[in-house]
Amino acid sequence: MSCLSLPQPAQSNIFSNIRLVATDMDGTLTTKGKFTNTLLQALQDLAAANIKIIVVTGRSAGWVSGLAYYLPVVGAIAENGGLFYPSQSEQAVAITPIEDFSKHRKDLEAVFHKLQLDFPQIKESSDNRFRITDWTFDVAGLSNDSIQTLLRQCQDNGYGFTYSNVQCHIKPLGQDKAIGLSQVLREYFPGYASDEVVTVGDSPNDESLFDKNYFGVSVGVANVLEYVDKLEHKPAYVTQNKEGKGFCELSDYILKVIGSSK
């Protein structure tokens with residue numbers, strides 16, 4: 001399956017139903033690692049049009065709790081589906097069931113040290129101390145073959161593994177963005193049908209958001225093309241622009257489609 005460009009607004013019935021945007025952050029909302037004024041305005045414009053926004057990121061619980069509070073979003077999912085922060089609450093909601101968080105952190109650390117035996121160059125990510133459900137290390141310098149080996153080793157130890165353009169994640173089996181987002185939609189936004197949600201991402205840890213078994217409308221910002229040959233589930237559409245500019249392109253597009261359908 002090849003990824004399609006966004007159709008002309010007047011020819012798009014699919015996007016005219018969109019009421020909620022679920023989007024990755026790093027490499028999707030950010031541009032060179034930062035939020036731009038244009039991006040913040042795009043989020044405001046969507047919210048003003050009564051289109052709800054949920055950030056679905058691999059970033060840590062510590063980072064995401066602030067994002068959910070300060071950005072014009074209805075909530076944010078942290079750690080690739082591990083926790084949900086509703087914008088109207090300061091309390092995180094656990095999505096992945098973990099009985100003993102202290103033991104869980106120690107078990108994750110033990111797996112990380114096992115990986116270091118074969119990959120002594122991997123370094124714990126700076127935000128790892130703010131994490132609850134997963135353990136991260138920097139992806140820089142790792143080849144695709146190395147990443148596949150790390151994936152197999154994590155699975156052999158009873159854990160899942162994914163990676164983005166920033167980090168590698170050791171995580172509980174079955175913890176991913178689509179599962180976490182689906183649970184949040186069922187419990188907090190039950191009135192939203194799957195065809196009223198568009199999912200947006202840019203890298204392998206967003207792959208489950210591109211799975212048509214979960215969500216029928218998915219978009220990759222243009223930098224996803226760097227990974228698309230490695231993805232089993234590919235975005236249905238791809239923007240012309242990369243990173244935050246690609247998200248702004250999608251935001252403008254959705255608003256035009258909705259405006260033309262009224």
# chains A, B, ... in the order shown; residues from 1 in each chain; ligands from 1
call {"tool": "residues_around", "arguments": {"residues": "Leu231 (chain A)", "least_positions_apart": "4", "cutoff": "10 Å", "atoms": "only C-alpha atoms", "output": "PDB file with C-alpha atoms, in the first residue's frame"}}
result
ATOM      1  CA  SER A 203       7.945   7.376  13.160  1.00  0.00           C
ATOM      2  CA  PRO A 204       7.842   3.661  14.083  1.00  0.00           C
ATOM      3  CA  ASN A 205       6.384   4.177  17.548  1.00  0.00           C
ATOM      4  CA  ASP A 206       3.358   5.724  15.778  1.00  0.00           C
ATOM      5  CA  GLU A 207       2.800   2.623  13.643  1.00  0.00           C
ATOM      6  CA  SER A 208      -0.159   1.356  15.650  1.00  0.00           C
ATOM      7  CA  PHE A 210      -1.705   3.918  11.327  1.00  0.00           C
ATOM      8  CA  VAL A 224       7.501   9.540   8.036  1.00  0.00           C
ATOM      9  CA  LEU A 225       8.725   8.621   4.553  1.00  0.00           C
ATOM     10  CA  TYR A 227      10.645   4.969   7.899  1.00  0.00           C
ATOM     11  CA  PRO A 235      -0.390   6.124   7.155  1.00  0.00           C
TER      12      PRO A 235
END
call {"tool": "residues_around", "arguments": {"residues": "Val200 (chain A)", "least_positions_apart": "3", "cutoff": "10 Å", "atoms": "only C-alpha atoms", "output": "MDAnalysis selection string"}}
result
chainID A and resid 21:25 28:29 55:56 197 206:207 209:210 217:221 235 237:238 246:247 250
call {"tool": "residues_around", "arguments": {"residues": "Ser126 (chain A)", "least_positions_apart": "3", "cutoff": "10 Å", "atoms": "only C-alpha atoms", "output": "JSON, numbers by chain"}}
result
{"A": [123, 129, 130, 136, 137, 138]}
call {"tool": "write_last_selection", "arguments": {"atoms": "all heavy atoms", "output": "JSON list (two decimals), in the first residue's frame"}}
result
[["chain", "number", "residue", "atom", "x", "y", "z"],
["A", 123, "LYS", "N", 22.86, 4.62, 26.13],
["A", 123, "LYS", "CA", 22.82, 5.45, 27.33],
["A", 123, "LYS", "C", 21.37, 5.75, 27.70],
["A", 123, "LYS", "O", 20.54, 6.06, 26.84],
["A", 123, "LYS", "CB", 23.57, 6.76, 27.10],
["A", 123, "LYS", "CG", 25.06, 6.58, 26.80],
["A", 123, "LYS", "CD", 25.74, 7.93, 26.65],
["A", 123, "LYS", "CE", 27.21, 7.75, 26.27],
["A", 123, "LYS", "NZ", 27.95, 7.00, 27.28],
["A", 129, "ARG", "N", 14.20, 9.44, 34.40],
["A", 129, "ARG", "CA", 13.84, 9.55, 35.82],
["A", 129, "ARG", "C", 12.42, 10.07, 36.03],
["A", 129, "ARG", "O", 11.89, 10.01, 37.14],
["A", 129, "ARG", "CB", 14.85, 10.45, 36.55],
["A", 129, "ARG", "CG", 14.90, 11.88, 36.07],
["A", 129, "ARG", "CD", 16.07, 12.61, 36.74],
["A", 129, "ARG", "NE", 16.18, 14.01, 36.36],
["A", 129, "ARG", "CZ", 16.78, 14.45, 35.26],
["A", 129, "ARG", "NH1", 17.32, 13.58, 34.42],
["A", 129, "ARG", "NH2", 16.86, 15.73, 35.00],
["A", 130, "PHE", "N", 11.81, 10.59, 34.97],
["A", 130, "PHE", "CA", 10.44, 11.07, 35.06],
["A", 130, "PHE", "C", 9.43, 10.05, 34.55],
["A", 130, "PHE", "O", 8.24, 10.36, 34.41],
["A", 130, "PHE", "CB", 10.28, 12.37, 34.26],
["A", 130, "PHE", "CG", 11.25, 13.45, 34.63],
["A", 130, "PHE", "CD1", 12.08, 14.02, 33.68],
["A", 130, "PHE", "CD2", 11.35, 13.89, 35.94],
["A", 130, "PHE", "CE1", 12.98, 15.01, 34.02],
["A", 130, "PHE", "CE2", 12.24, 14.89, 36.29],
["A", 130, "PHE", "CZ", 13.07, 15.45, 35.32],
["A", 136, "THR", "N", 13.71, 4.23, 28.83],
["A", 136, "THR", "CA", 14.18, 4.71, 27.53],
["A", 136, "THR", "C", 15.68, 4.92, 27.49],
["A", 136, "THR", "O", 16.32, 5.21, 28.49],
["A", 136, "THR", "CB", 13.49, 6.03, 27.15],
["A", 136, "THR", "OG1", 13.70, 7.00, 28.19],
["A", 136, "THR", "CG2", 12.00, 5.84, 26.93],
["A", 137, "PHE", "N", 16.20, 4.76, 26.26],
["A", 137, "PHE", "CA", 17.59, 5.11, 26.00],
["A", 137, "PHE", "C", 17.67, 5.74, 24.61],
["A", 137, "PHE", "O", 16.77, 5.56, 23.78],
["A", 137, "PHE", "CB", 18.52, 3.89, 26.12],
["A", 137, "PHE", "CG", 18.12, 2.68, 25.31],
["A", 137, "PHE", "CD1", 18.64, 2.46, 24.05],
["A", 137, "PHE", "CD2", 17.23, 1.74, 25.84],
["A", 137, "PHE", "CE1", 18.30, 1.33, 23.31],
["A", 137, "PHE", "CE2", 16.87, 0.62, 25.10],
["A", 137, "PHE", "CZ", 17.41, 0.41, 23.83],
["A", 138, "ASP", "N", 18.72, 6.49, 24.38],
["A", 138, "ASP", "CA", 18.83, 7.29, 23.17],
["A", 138, "ASP", "C", 18.99, 6.40, 21.93],
["A", 138, "ASP", "O", 19.73, 5.40, 21.95],
["A", 138, "ASP", "CB", 20.01, 8.25, 23.26],
["A", 138, "ASP", "CG", 19.83, 9.26, 24.39],
["A", 138, "ASP", "OD1", 18.69, 9.46, 24.84],
["A", 138, "ASP", "OD2", 20.84, 9.86, 24.82]]
call {"tool": "closest_residue", "arguments": {"among": "A:Gly141, A:Pro86, A:Gly160, A:Gly81", "to": "Gly180 (chain A)", "atoms": "only C-alpha atoms"}}
result
A:Gly81
call {"tool": "select_by_dssp", "arguments": {"residues": "region 146-248 of chain A", "states": "strand (DSSP E)", "output": "JSON, numbers by chain"}}
result
{"A": [160, 161, 162, 163, 167, 168, 169, 170, 171, 197, 198, 199, 200, 201, 217, 218, 219, 220, 237, 238]}
call {"tool": "write_last_selection", "arguments": {"atoms": "N, CA, C and O atoms", "output": "short mmCIF file (atom, residue, chain, number, x, y, z; two decimals), in the first residue's frame"}}
result
data_model
loop_
_atom_site.label_atom_id
_atom_site.label_comp_id
_atom_site.auth_asym_id
_atom_site.auth_seq_id
_atom_site.Cartn_x
_atom_site.Cartn_y
_atom_site.Cartn_z
N GLY A 160 8.06 -5.51 25.62
CA GLY A 160 7.92 -4.94 24.29
C GLY A 160 9.02 -3.92 24.04
O GLY A 160 9.76 -3.53 24.95
N PHE A 161 9.11 -3.50 22.79
CA PHE A 161 10.15 -2.54 22.40
C PHE A 161 9.63 -1.72 21.22
O PHE A 161 8.95 -2.25 20.33
N THR A 162 9.90 -0.45 21.24
CA THR A 162 9.63 0.39 20.08
C THR A 162 10.64 1.53 20.07
O THR A 162 11.41 1.69 21.02
N TYR A 163 10.64 2.30 18.99
CA TYR A 163 11.58 3.42 18.92
C TYR A 163 10.98 4.54 18.08
O TYR A 163 10.08 4.34 17.28
N GLN A 167 14.09 8.27 20.83
CA GLN A 167 14.41 7.31 21.87
C GLN A 167 14.00 5.89 21.50
O GLN A 167 13.13 5.67 20.66
N CYS A 168 14.61 4.94 22.21
CA CYS A 168 14.16 3.55 22.23
C CYS A 168 13.43 3.31 23.55
O CYS A 168 13.83 3.86 24.58
N HIS A 169 12.39 2.49 23.50
CA HIS A 169 11.55 2.26 24.67
C HIS A 169 11.48 0.77 25.00
O HIS A 169 11.11 -0.04 24.14
N ILE A 170 11.81 0.42 26.24
CA ILE A 170 11.52 -0.90 26.78
C ILE A 170 10.19 -0.75 27.52
O ILE A 170 10.06 0.10 28.40
N LYS A 171 9.19 -1.56 27.16
CA LYS A 171 7.85 -1.30 27.68
C LYS A 171 7.11 -2.61 27.93
O LYS A 171 7.52 -3.67 27.44
N VAL A 197 -12.16 10.43 13.98
CA VAL A 197 -10.84 10.62 14.58
C VAL A 197 -9.78 10.49 13.50
O VAL A 197 -9.80 9.55 12.71
N VAL A 198 -8.85 11.43 13.46
CA VAL A 198 -7.68 11.31 12.58
C VAL A 198 -6.45 11.17 13.47
O VAL A 198 -6.28 11.91 14.44
N THR A 199 -5.62 10.18 13.17
CA THR A 199 -4.39 9.97 13.93
C THR A 199 -3.21 10.46 13.10
O THR A 199 -3.18 10.30 11.88
N VAL A 200 -2.21 11.04 13.78
CA VAL A 200 -1.11 11.70 13.08
C VAL A 200 0.22 11.29 13.73
O VAL A 200 0.33 11.27 14.96
N GLY A 201 1.22 10.98 12.89
CA GLY A 201 2.52 10.61 13.44
C GLY A 201 3.63 10.71 12.42
O GLY A 201 3.42 11.14 11.28
N VAL A 217 -8.70 6.74 9.47
CA VAL A 217 -8.13 7.95 8.88
C VAL A 217 -6.82 8.27 9.60
O VAL A 217 -6.82 8.65 10.77
N SER A 218 -5.70 8.10 8.90
CA SER A 218 -4.40 8.37 9.51
C SER A 218 -3.55 9.19 8.55
O SER A 218 -3.66 9.06 7.33
N VAL A 219 -2.70 10.03 9.13
CA VAL A 219 -1.85 10.92 8.34
C VAL A 219 -0.44 10.89 8.91
O VAL A 219 -0.25 10.98 10.12
N GLY A 220 0.54 10.79 8.03
CA GLY A 220 1.92 10.96 8.43
C GLY A 220 2.44 12.29 7.92
O GLY A 220 2.16 12.68 6.79
N TYR A 237 -2.46 8.74 4.46
CA TYR A 237 -2.11 9.97 3.74
C TYR A 237 -0.80 10.54 4.32
O TYR A 237 -0.46 10.29 5.48
N VAL A 238 -0.11 11.30 3.50
CA VAL A 238 1.13 11.96 3.92
C VAL A 238 1.08 13.41 3.48
O VAL A 238 0.70 13.73 2.35
#
call {"tool": "closest_atom_pairs", "arguments": {"of": "region 126-168 of chain A", "to": "region 61-65 of chain A", "cutoff": "12 Å", "atoms": "only C-alpha atoms", "output": "CSV"}}
result
residue,atom,partner,partner_atom,distance
A:Ser126,CA,A:Trp63,CA,11.6
A:Asp127,CA,A:Gly62,CA,8.2
A:Asn128,CA,A:Gly62,CA,9.4
A:Arg129,CA,A:Gly62,CA,8.6
A:Phe130,CA,A:Gly62,CA,4.9
A:Arg131,CA,A:Ala61,CA,5.5
A:Ile132,CA,A:Ala61,CA,6.7
A:Thr133,CA,A:Ala61,CA,8.6
A:Asp134,CA,A:Ala61,CA,9.8
A:Trp135,CA,A:Ala61,CA,11.6
call {"tool": "select_by_dssp", "arguments": {"residues": "region 65-124 of chain A", "states": "helix (DSSP H, G or I)", "output": "PyMOL selection string"}}
result
chain A and resi 65-70+101-118
call {"tool": "atom_distance", "arguments": {"atom1": "CA of Ile53 (chain A)", "atom2": "CA of Pro97 (chain A)"}}
result
24.7 Å
